[in-house]
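Structure file input33.txt (compact mmCIF, C-alpha atoms and all ligand atoms) follows.
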```
# COMPACT_ATOMS: atom_id res chain seq x y z
CA MET D 282 7.64 3.77 22.10
CA ILE D 283 11.30 4.00 21.13
CA VAL D 284 12.72 7.52 20.86
CA ILE D 285 16.28 7.97 19.69
CA ASN D 286 17.90 11.40 19.69
CA ASN D 287 21.35 12.33 18.38
CA LEU D 288 22.68 8.89 19.19
CA LYS D 289 26.37 8.33 18.49
CA LYS D 290 28.47 5.22 18.86
CA LYS D 291 32.10 4.42 18.16
CA PHE D 292 34.09 1.20 18.26
CA GLY D 293 37.54 2.57 19.13
CA SER D 294 38.16 5.26 16.55
CA LEU D 295 35.58 3.83 14.14
CA SER D 296 32.39 5.86 14.16
CA VAL D 297 29.58 3.34 13.64
CA LEU D 298 26.46 5.36 14.42
CA GLU D 299 26.32 9.12 13.87
CA ASP D 300 23.49 11.34 14.92
CA ILE D 301 20.72 8.79 14.76
CA ASN D 302 17.28 10.31 15.27
CA LEU D 303 14.18 8.21 15.01
CA THR D 304 10.91 7.47 16.71
CA ILE D 305 9.20 4.12 16.61
CA GLU D 306 5.62 4.23 17.82
CA THR D 307 4.29 1.44 20.00
CA GLY D 308 2.62 -1.34 18.04
CA ARG D 309 4.36 -0.49 14.77
CA ILE D 310 6.47 -2.64 12.48
CA TYR D 311 9.50 -0.49 11.68
CA GLY D 312 12.10 -1.41 9.08
CA LEU D 313 15.81 -0.66 9.20
CA VAL D 314 17.67 -1.22 5.95
CA GLY D 315 21.15 -0.57 4.73
CA ARG D 316 24.18 -2.22 3.26
CA SER D 317 26.32 -4.59 5.22
CA GLY D 318 28.34 -2.65 7.80
CA ALA D 319 25.92 0.31 7.87
CA GLY D 320 25.34 -0.12 11.60
CA LYS D 321 21.94 -1.84 11.68
CA SER D 322 22.82 -4.64 14.09
CA THR D 323 24.67 -2.22 16.35
CA LEU D 324 21.59 0.00 16.49
CA LEU D 325 19.39 -2.99 17.38
CA ARG D 326 21.86 -3.99 20.09
CA CYS D 327 21.73 -0.46 21.50
CA ILE D 328 17.93 -0.72 21.72
CA ASN D 329 18.04 -3.85 23.88
CA GLY D 330 21.01 -2.70 25.93
CA LEU D 331 23.45 -5.33 24.62
CA GLU D 332 25.58 -2.47 23.35
CA THR D 333 26.02 0.94 24.91
CA TYR D 334 26.19 4.29 23.08
CA ASP D 335 28.57 7.21 23.58
CA GLU D 336 26.30 10.20 23.09
CA GLY D 337 22.66 11.05 22.71
CA SER D 338 19.57 9.46 24.12
CA LEU D 339 17.73 6.20 23.54
CA LEU D 340 14.45 5.95 25.39
CA VAL D 341 12.36 2.79 25.46
CA ASP D 342 9.00 3.64 27.01
CA GLY D 343 10.66 6.61 28.66
CA ILE D 344 13.62 4.65 30.07
CA GLU D 345 17.14 5.76 29.11
CA VAL D 346 18.64 2.40 28.21
CA LYS D 347 22.27 3.15 29.04
CA SER D 348 21.39 4.42 32.51
CA LEU D 349 20.16 0.98 33.60
CA LYS D 350 22.18 -0.82 36.24
CA TYR D 351 22.68 -4.60 36.36
CA GLU D 352 19.40 -5.77 37.91
CA GLU D 353 17.28 -3.13 36.14
CA ALA D 354 19.00 -3.99 32.86
CA ARG D 355 18.17 -7.65 33.35
CA GLU D 356 14.48 -6.83 33.94
CA PHE D 357 14.50 -4.44 30.98
CA LYS D 358 15.88 -7.08 28.61
CA LYS D 359 12.95 -9.35 29.49
CA ASP D 360 10.71 -6.90 27.66
CA ILE D 361 12.69 -7.12 24.46
CA GLY D 362 12.82 -10.32 22.41
CA MET D 363 15.29 -10.84 19.61
CA ILE D 364 15.57 -13.19 16.65
CA PHE D 365 18.49 -13.67 14.27
CA GLN D 366 19.31 -14.87 10.79
CA GLN D 367 20.98 -18.02 12.12
CA PHE D 368 18.17 -18.82 14.60
CA SER D 369 20.64 -19.35 17.52
CA LEU D 370 18.86 -22.41 18.89
CA LEU D 371 20.60 -24.70 21.36
CA SER D 372 21.34 -27.83 19.37
CA ARG D 373 21.42 -30.31 22.22
CA MET D 374 17.95 -29.23 23.41
CA ASN D 375 14.68 -30.15 21.76
CA VAL D 376 12.06 -27.61 20.68
CA TYR D 377 10.22 -27.73 24.01
CA GLU D 378 13.43 -27.09 25.94
CA ASN D 379 14.55 -24.33 23.60
CA ILE D 380 11.26 -22.44 24.00
CA SER D 381 11.21 -22.94 27.77
CA PHE D 382 14.85 -21.97 28.28
CA PRO D 383 14.36 -18.25 29.15
CA MET D 384 11.49 -19.09 31.53
CA LYS D 385 13.67 -21.73 33.21
CA CYS D 386 16.44 -19.17 33.67
CA TRP D 387 13.91 -16.88 35.36
CA LYS D 388 12.79 -19.81 37.52
CA TYR D 389 9.17 -19.86 36.40
CA PRO D 390 7.17 -22.73 37.91
CA LYS D 391 7.03 -25.90 35.79
CA ASN D 392 3.28 -25.85 35.17
CA LYS D 393 3.39 -22.23 34.04
CA ILE D 394 6.26 -23.03 31.69
CA ASP D 395 4.43 -26.02 30.26
CA LYS D 396 1.27 -24.01 29.58
CA ARG D 397 3.20 -21.18 27.95
CA VAL D 398 5.35 -23.46 25.75
CA ARG D 399 2.22 -25.14 24.38
CA GLU D 400 0.49 -21.78 23.78
CA LEU D 401 3.52 -20.40 21.96
CA ALA D 402 4.02 -23.56 19.91
CA GLU D 403 0.38 -23.20 18.81
CA ILE D 404 0.85 -19.52 17.86
CA VAL D 405 3.93 -20.20 15.73
CA GLY D 406 2.56 -23.48 14.30
CA ILE D 407 5.03 -26.07 15.59
CA SER D 408 2.91 -27.93 18.16
CA ASP D 409 3.74 -31.26 16.53
CA LYS D 410 7.52 -30.68 16.73
CA LEU D 411 8.04 -30.22 20.47
CA ASN D 412 10.24 -33.32 20.80
CA PHE D 413 12.35 -32.59 17.75
CA LYS D 414 15.95 -31.41 17.90
CA PRO D 415 16.85 -28.31 15.82
CA SER D 416 18.82 -30.52 13.39
CA GLN D 417 15.55 -32.28 12.52
CA LEU D 418 13.82 -29.03 11.52
CA SER D 419 13.72 -26.96 8.33
CA GLY D 420 14.97 -23.34 8.37
CA GLY D 421 11.44 -21.99 8.60
CA GLN D 422 10.59 -24.31 11.49
CA LYS D 423 13.78 -23.31 13.32
CA GLN D 424 12.86 -19.65 12.99
CA ARG D 425 9.39 -20.42 14.34
CA VAL D 426 10.99 -22.00 17.40
CA ALA D 427 13.24 -18.95 17.79
CA ILE D 428 10.19 -16.68 17.57
CA ALA D 429 8.35 -18.73 20.20
CA ARG D 430 11.40 -18.51 22.47
CA ALA D 431 11.66 -14.74 21.90
CA LEU D 432 8.00 -14.38 22.87
CA SER D 433 8.26 -16.55 25.98
CA MET D 434 8.86 -13.63 28.35
CA ASP D 435 5.93 -11.63 26.90
CA PRO D 436 8.10 -8.91 25.40
CA LYS D 437 6.78 -5.52 24.38
CA ILE D 438 9.28 -5.26 21.56
CA LEU D 439 10.63 -7.84 19.13
CA LEU D 440 13.91 -7.07 17.36
CA CYS D 441 14.48 -9.06 14.18
CA ASP D 442 18.00 -9.04 12.75
CA GLU D 443 17.82 -10.39 9.19
CA ALA D 444 15.34 -12.96 10.49
CA THR D 445 14.25 -14.10 7.03
CA SER D 446 17.54 -13.72 5.17
CA ALA D 447 18.60 -17.37 5.43
CA LEU D 448 15.24 -18.62 4.17
CA ASP D 449 13.94 -19.30 0.67
CA PRO D 450 11.41 -16.70 -0.60
CA LYS D 451 8.30 -18.77 0.14
CA THR D 452 9.40 -19.66 3.67
CA ALA D 453 10.50 -16.06 4.25
CA LYS D 454 7.01 -14.97 3.26
CA SER D 455 5.42 -17.34 5.77
CA ILE D 456 7.67 -16.03 8.56
CA VAL D 457 6.79 -12.44 7.63
CA SER D 458 3.08 -13.34 7.79
CA LEU D 459 3.67 -14.86 11.21
CA LEU D 460 5.44 -11.71 12.42
CA ASN D 461 2.61 -9.56 11.02
CA GLN D 462 0.11 -11.75 12.87
CA ILE D 463 2.09 -11.50 16.12
CA ASN D 464 2.23 -7.71 15.75
CA ARG D 465 -1.52 -7.54 15.13
CA GLN D 466 -2.69 -10.05 17.73
CA LEU D 467 -0.25 -9.37 20.55
CA GLY D 468 0.36 -5.68 19.85
CA ILE D 469 4.12 -6.18 19.98
CA THR D 470 6.28 -3.47 18.41
CA ILE D 471 8.60 -5.01 15.83
CA VAL D 472 11.87 -3.54 14.60
CA MET D 473 12.91 -5.38 11.49
CA VAL D 474 16.42 -5.24 10.08
CA THR D 475 16.44 -6.69 6.59
CA HIS D 476 17.90 -6.25 3.15
CA GLN D 477 14.93 -7.99 1.52
CA MET D 478 12.74 -5.34 -0.09
CA SER D 479 9.77 -7.72 -0.27
CA VAL D 480 9.90 -8.03 3.53
CA LEU D 481 9.82 -4.26 3.98
CA LYS D 482 6.94 -3.82 1.57
CA SER D 483 4.78 -6.54 3.02
CA SER D 484 5.27 -5.81 6.69
CA CYS D 485 6.64 -2.38 7.59
CA GLU D 486 4.71 0.83 7.89
CA GLU D 487 7.80 3.01 8.14
CA ILE D 488 11.45 2.50 7.33
CA SER D 489 14.80 4.18 7.74
CA ILE D 490 17.69 3.65 5.36
CA LEU D 491 21.05 3.62 7.12
CA GLU D 492 24.17 4.63 5.21
CA ASN D 493 27.54 4.54 6.96
CA GLY D 494 26.03 4.96 10.39
CA LYS D 495 23.69 7.79 9.39
CA ILE D 496 20.02 7.83 8.55
CA ALA D 497 19.96 8.76 4.88
CA GLU D 498 16.20 8.53 4.44
CA SER D 499 13.17 7.89 6.66
CA GLY D 500 9.50 7.71 5.95
CA LEU D 501 6.44 5.71 5.06
CA VAL D 502 7.45 2.64 3.14
CA GLU D 503 5.15 3.36 0.19
CA ASP D 504 6.47 6.91 -0.07
CA ILE D 505 10.05 5.77 -0.20
CA PHE D 506 9.46 3.07 -2.78
CA LEU D 507 7.41 5.34 -5.00
CA LYS D 508 9.81 8.25 -4.89
CA GLN D 509 12.93 6.06 -5.10
CA PRO D 510 15.32 8.49 -3.36
CA ARG D 511 19.05 8.20 -3.97
CA ALA D 512 19.58 6.24 -0.74
CA LEU D 513 17.17 3.55 -1.97
CA ILE D 514 18.79 3.44 -5.42
CA ASN D 515 22.17 3.02 -3.71
CA LEU D 516 20.72 0.01 -1.98
CA ILE D 517 18.74 -1.74 -4.70
CA GLY D 518 20.63 -0.51 -7.76
CA ASP D 519 19.31 1.45 -10.68
CA LYS D 520 16.43 -0.04 -12.58
CA ASP D 521 17.20 -0.60 -16.23
CA ASN D 522 14.29 1.49 -17.40
CA VAL D 523 14.03 2.38 -21.02
CA ILE D 524 14.35 6.14 -21.09
CA PHE D 525 13.35 7.78 -24.34
CA SER D 526 15.60 10.60 -25.37
CA LYS D 527 12.91 12.29 -27.45
CA GLY D 528 9.80 13.88 -25.95
CA VAL D 529 9.09 14.10 -22.24
CA ASN D 530 9.07 11.17 -19.80
CA ILE D 531 6.53 11.54 -17.03
CA LYS D 532 6.30 9.22 -14.07
CA ILE D 533 2.70 9.01 -12.90
CA LEU D 534 2.23 7.83 -9.34
CA LEU D 535 -0.67 5.47 -8.83
CA SER D 536 -1.33 6.11 -5.17
CA LYS D 537 -3.60 3.90 -3.10
CA ASN D 538 -6.68 5.97 -3.97
CA ILE D 539 -6.29 5.67 -7.71
CA TYR D 540 -4.37 2.49 -8.46
CA ASP D 541 -7.59 0.73 -9.48
CA LYS D 542 -8.88 3.55 -11.70
CA PRO D 543 -8.28 3.72 -15.48
CA ILE D 544 -6.43 7.04 -15.22
CA ILE D 545 -4.11 6.46 -18.15
CA THR D 546 -6.59 5.40 -20.81
CA LYS D 547 -9.09 8.03 -19.66
CA MET D 548 -6.47 10.73 -20.01
CA SER D 549 -5.56 9.55 -23.48
CA ARG D 550 -9.19 9.55 -24.57
CA GLU D 551 -10.12 12.87 -22.98
CA LEU D 552 -7.05 14.73 -24.23
CA GLN D 553 -7.17 12.87 -27.54
CA ILE D 554 -3.47 12.21 -27.50
CA ASP D 555 -1.32 9.12 -27.89
CA PHE D 556 1.81 8.32 -25.94
CA ILE D 557 4.18 5.46 -25.22
CA ILE D 558 4.08 3.53 -21.96
CA ALA D 559 7.73 2.91 -21.06
CA ASP D 560 7.28 1.21 -17.71
CA GLY D 561 4.54 0.35 -15.28
CA LYS D 562 4.08 -1.62 -12.12
CA LEU D 563 1.62 -2.16 -9.30
CA GLU D 564 2.87 -3.55 -6.01
CA LYS D 565 1.26 -4.90 -2.89
CA TYR D 566 2.21 -3.26 0.39
CA LYS D 567 1.16 -4.13 3.90
CA ASP D 568 -2.26 -2.50 3.68
CA SER D 569 -2.44 -1.14 0.19
CA VAL D 570 -1.60 -1.42 -3.48
CA MET D 571 0.38 1.26 -5.30
CA GLY D 572 2.61 1.77 -8.26
CA SER D 573 3.66 3.99 -11.09
CA VAL D 574 3.58 4.27 -14.83
CA ILE D 575 6.17 6.07 -16.95
CA VAL D 576 4.75 7.59 -20.13
CA ASN D 577 6.62 9.24 -22.94
CA VAL D 578 4.69 12.12 -24.49
CA SER D 579 5.62 14.60 -27.21
CA GLU D 580 6.97 18.03 -26.21
CA ASN D 581 3.77 19.59 -27.54
CA ASP D 582 1.46 17.42 -25.47
CA SER D 583 3.48 17.42 -22.25
CA SER D 584 1.98 20.54 -20.67
CA LYS D 585 -1.54 19.29 -21.42
CA VAL D 586 -0.73 16.00 -19.69
CA MET D 587 0.76 17.72 -16.62
CA LYS D 588 -2.24 20.00 -16.33
CA TYR D 589 -4.63 17.08 -16.69
CA LEU D 590 -2.84 15.12 -13.97
CA ASP D 591 -2.77 18.15 -11.65
CA SER D 592 -6.45 18.86 -12.12
CA ASN D 593 -7.24 15.22 -11.34
CA ASN D 594 -5.01 15.23 -8.25
CA VAL D 595 -2.71 12.64 -9.72
CA LYS D 596 0.90 13.02 -8.60
CA TRP D 597 3.66 12.94 -11.17
CA SER D 598 7.29 13.81 -11.69
CA LEU D 599 9.54 14.27 -14.68
CA TYR D 600 11.60 11.18 -15.34
CA ASN D 601 14.56 11.80 -17.55
CA SER D 602 17.09 9.90 -15.55
CA ILE D 603 17.28 8.98 -11.91
CA GLU D 604 19.80 11.79 -11.30
CA SER D 605 17.65 14.50 -12.82
CA GLU D 606 14.33 13.19 -11.62
CA CYS D 607 12.27 16.03 -10.21
CA GLU D 608 11.40 16.00 -6.58
CA ILE D 609 7.74 15.67 -5.80
CA SER D 610 6.63 19.03 -4.44
CA GLU D 611 6.10 19.45 -0.70
CA GLU D 612 2.43 20.14 -1.21
CA GLU D 613 1.94 16.93 -3.13
CA ASP D 614 3.93 15.17 -0.48
CA ALA D 615 1.48 16.23 2.15
CA THR D 616 -1.55 15.06 0.20
CA TYR D 617 0.15 11.76 -0.48
CA ALA D 618 0.91 11.13 3.18
P1 LIG D 701 25.27 -4.11 9.84
O1 LIG D 701 24.45 -4.89 10.80
O2 LIG D 701 24.55 -2.96 9.22
O3 LIG D 701 25.90 -4.98 8.80
P2 LIG D 701 27.03 -3.71 12.11
O4 LIG D 701 26.22 -2.91 13.07
O5 LIG D 701 27.17 -5.15 12.37
O6 LIG D 701 26.49 -3.44 10.63
O7 LIG D 701 28.48 -3.09 12.02
C1 LIG D 701 28.71 -1.72 11.77
C2 LIG D 701 30.22 -1.47 11.81
O8 LIG D 701 30.69 -1.67 13.12
C3 LIG D 701 31.03 -2.39 10.93
O9 LIG D 701 32.08 -1.64 10.38
C4 LIG D 701 31.55 -3.43 11.89
O10 LIG D 701 32.75 -3.96 11.44
C5 LIG D 701 31.72 -2.63 13.16
N1 LIG D 701 31.55 -3.43 14.39
C6 LIG D 701 30.41 -4.08 14.73
N2 LIG D 701 30.57 -4.67 15.95
C7 LIG D 701 31.83 -4.37 16.36
C8 LIG D 701 32.58 -4.67 17.54
N3 LIG D 701 32.07 -5.39 18.54
N4 LIG D 701 33.85 -4.20 17.61
C9 LIG D 701 34.36 -3.44 16.61
N5 LIG D 701 33.70 -3.11 15.49
C10 LIG D 701 32.45 -3.56 15.35
MG MG D 702 24.01 -6.91 10.86
```

Show me this structure written as structure tokens.
Amino acid sequence: MIVINNLKKKFGSLSVLEDINLTIETGRIYGLVGRSGAGKSTLLRCINGLETYDEGSLLVDGIEVKSLKYEEAREFKKDIGMIFQQFSLLSRMNVYENISFPMKCWKYPKNKIDKRVRELAEIVGISDKLNFKPSQLSGGQKQRVAIARALSMDPKILLCDEATSALDPKTAKSIVSLLNQINRQLGITIVMVTHQMSVLKSSCEEISILENGKIAESGLVEDIFLKQPRALINLIGDKDNVIFSKGVNIKILLSKNIYDKPIITKMSRELQIDFIIADGKLEKYKDSVMGSVIVNVSENDSSKVMKYLDSNNVKWSLYNSIESECEISEEEDATYA
């Protein structure tokens, strides 16, 4: 488990991380998102001890990272693997040598190294490429080698810094599936820095949005994407939704319990009212499907619709513009979580 409390970090006079508080449970896939320069890579580097912090506490399985001395720090770093956008493979070495490199540095016996390299190559699906040089591999294959190398010391945590950002969407998807599989099968905690929303949705349970070194929003990934808080809008831009100026726009949340039920047509039939559907979408998340529909109803019908939704435990919010969008009430929040 990673527990960060009031962490602060400066580079000279530049404050890069301010009052970071977050907890990442063991075995989770946790997403960190934010614009370039927000402090994501610095936070990852604080977690594996590559960077120190000025104030606050960062505990990895109860160990205060900055208190570690040279030899302890070296042992500690063994437990944390890391992969990067640019793969960082050694170009003069072949795949086998790249994967075995950390084990060689730790002077593992040759037969143990050989067994492990072959196991890892099997897990990441590059068993037939062991004699290839990185220049002979595609981006996806290179990242698979980097993942195998990061797993070679049996880490408890894998830090991924924009690991899929240099890959085309299909290849990125296959790497995300591999990371999900590694998390599931090996129980490794994964902290994923990415700006790709599809990656967050298909792999993370929880995310934090970093803005200028601060956590602007944290929570379950589905919650954040459904509610679209300002910090998320700042990141992904405003959707060009058609917003009707007449009547009342209501955003109906199709949570995981109701996304496959005909809520909208049933409501129309039972209340005997017509309305316009202005927007609607269902999306796949890691373990669920969810979405929302925006309907435009007449002023007269709006209270009937709200009552109907409430009595059927369907969450909704007024949707006039992003700025004036109503917050979902705390009570509804709790039932949603
Ligand atoms: P992100 O990964 O979110 O793009 P970084 O953590 O790389 O952001 O950087 C956060 C801020 O810290 C940026 O303003 C960057 O210029 C600065 N920074 C990062 N590393 C250093 C460093 N070693 N020395 C000075 N400034 C740094
Ligand atoms: Mg970065």

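If you count all atoms listed in the file and draw a sphere of 12 Å around (-8.2, 10.2, -19.1), the protein and nucleic acid residues inside it come out as Lys542, Pro543, Ile544, Ile545, Thr546, Lys547, Met548, Ser549, Arg550, Glu551, Leu552, Gln553, Ile554, Asp555, Lys585, Val586, Met587, Lys588, Tyr589, Leu590, Ser592, Asn593 and Val595 of chain D.
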
- Task: Please provide as a PyMOL selection string all residues within 8 Å of D:Leu298, with the sequence filter that same-chain residues fewer than 5 positions apart are discarded (counting all atoms listed in the file).
- Result: chain D and resi 288-291+320+324+493-495

Expected answer as a short mmCIF file (atom, residue, chain, number, x, y, z; two decimals) with C-alpha atoms, in the coordinates of the input: all residues with atoms within 10 Å of (6.9, 1.7, 15.9), all atoms listed in the file:
```
data_model
loop_
_atom_site.label_atom_id
_atom_site.label_comp_id
_atom_site.auth_asym_id
_atom_site.auth_seq_id
_atom_site.Cartn_x
_atom_site.Cartn_y
_atom_site.Cartn_z
CA MET D 282 7.64 3.77 22.10
CA ILE D 283 11.30 4.00 21.13
CA VAL D 284 12.72 7.52 20.86
CA LEU D 303 14.18 8.21 15.01
CA THR D 304 10.91 7.47 16.71
CA ILE D 305 9.20 4.12 16.61
CA GLU D 306 5.62 4.23 17.82
CA THR D 307 4.29 1.44 20.00
CA GLY D 308 2.62 -1.34 18.04
CA ARG D 309 4.36 -0.49 14.77
CA ILE D 310 6.47 -2.64 12.48
CA TYR D 311 9.50 -0.49 11.68
CA GLY D 312 12.10 -1.41 9.08
CA ILE D 438 9.28 -5.26 21.56
CA ILE D 469 4.12 -6.18 19.98
CA THR D 470 6.28 -3.47 18.41
CA ILE D 471 8.60 -5.01 15.83
CA VAL D 472 11.87 -3.54 14.60
CA CYS D 485 6.64 -2.38 7.59
CA GLU D 486 4.71 0.83 7.89
CA GLU D 487 7.80 3.01 8.14
CA ILE D 488 11.45 2.50 7.33
#
```

- Item | Environment of ligand LIG 701 (chain D) within 10 Å, counting only C-alpha atoms and all ligand atoms, reported as JSON, numbers by chain | {"D": [290, 291, 292, 293, 294, 295, 296, 297, 298, 313, 314, 315, 316, 317, 318, 319, 320, 321, 322, 323, 324, 325, 326, 327, 332, 442, 443, 474, 475, 476, 491, 492, 493, 494]}

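Nearest residue to D:Glu580, choosing from D:Leu370, D:Val529, D:Ala497, D:Val523 and counting only C-alpha atoms: D:Val529.
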
- Out of D:Ser372, D:Asn594, D:Gln462, D:Ser446, which residue has the shortest atom-to-atom distance to ligand MG 702 (chain D) when counting only C-alpha atoms and all ligand atoms? D:Ser446

- Interatomic distance (Å, one decimal) between atom CA of D:Lys385 and atom CA of D:Asp409: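 Atom CA of D:Asp409 lies 21.6 Å from atom CA of D:Lys385.
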
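Taking all atoms listed in the file into account, D:Val426 lies nearest to D:Leu371 out of the set D:Ile285, D:Leu371, D:Leu516, D:Ile344.
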
- Item | Selected residue of minimal separation from ligand MG 702 (chain D) among D:Ala512, D:Cys441, D:Val346, D:Ala559, counting only C-alpha atoms and all ligand atoms |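 Selected residue with least distance to ligand MG 702 (chain D): D:Cys441.
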
- Item | Shortest interatomic distance to ligand MG 702 (chain D) - which of D:Tyr389, D:Met473, D:Ile428, D:Gly528, counting only C-alpha atoms and all ligand atoms |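 Closest to ligand MG 702 (chain D), using only C-alpha atoms and all ligand atoms: D:Met473.
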
- Rounded to one decimal in Å, what is the spacing between atom CA of D:Glu345 and atom CA of D:Cys386? 25.4 Å

- Note on the structure: Taken to one decimal, the atom CA of D:Asn302-atom CA of D:Asn286 distance is 4.6 Å

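Each of D:Ile328, D:Leu418, D:Ala444, D:Val341 was compared to ligand MG 702 (chain D) using all atoms listed in the file, and D:Ala444 turns out to be the nearest.
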
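Residues in contact with D:Pro450 at up to 12 Å, not including ones fewer than 3 positions away on its chain and judged by all atoms listed in the file, are Gly420, Gly421, Thr445, Ser446, Ala447, Ala453, Lys454, Ser455, Ile456, Val457, Gln477, Met478, Ser479 and Val480 of chain D.
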
What's around D:Tyr377 at 10 Å? Count all atoms listed in the file, leave out sequence neighbours fewer than 5 positions away in its own chain, and write the answer as a PDB file with C-alpha atoms, keeping the file's coordinate frame.
```
ATOM      1  CA  PHE D 382      14.850 -21.970  28.280  1.00  0.00           C
ATOM      2  CA  ILE D 394       6.260 -23.030  31.690  1.00  0.00           C
ATOM      3  CA  ASP D 395       4.430 -26.020  30.260  1.00  0.00           C
ATOM      4  CA  VAL D 398       5.350 -23.460  25.750  1.00  0.00           C
ATOM      5  CA  ARG D 399       2.220 -25.140  24.380  1.00  0.00           C
ATOM      6  CA  ALA D 402       4.020 -23.560  19.910  1.00  0.00           C
ATOM      7  CA  SER D 408       2.910 -27.930  18.160  1.00  0.00           C
ATOM      8  CA  LYS D 410       7.520 -30.680  16.730  1.00  0.00           C
ATOM      9  CA  LEU D 411       8.040 -30.220  20.470  1.00  0.00           C
ATOM     10  CA  ASN D 412      10.240 -33.320  20.800  1.00  0.00           C
ATOM     11  CA  PHE D 413      12.350 -32.590  17.750  1.00  0.00           C
ATOM     12  CA  LYS D 414      15.950 -31.410  17.900  1.00  0.00           C
ATOM     13  CA  VAL D 426      10.990 -22.000  17.400  1.00  0.00           C
ATOM     14  CA  ALA D 429       8.350 -18.730  20.200  1.00  0.00           C
ATOM     15  CA  ARG D 430      11.400 -18.510  22.470  1.00  0.00           C
TER      16      ARG D 430
END
```
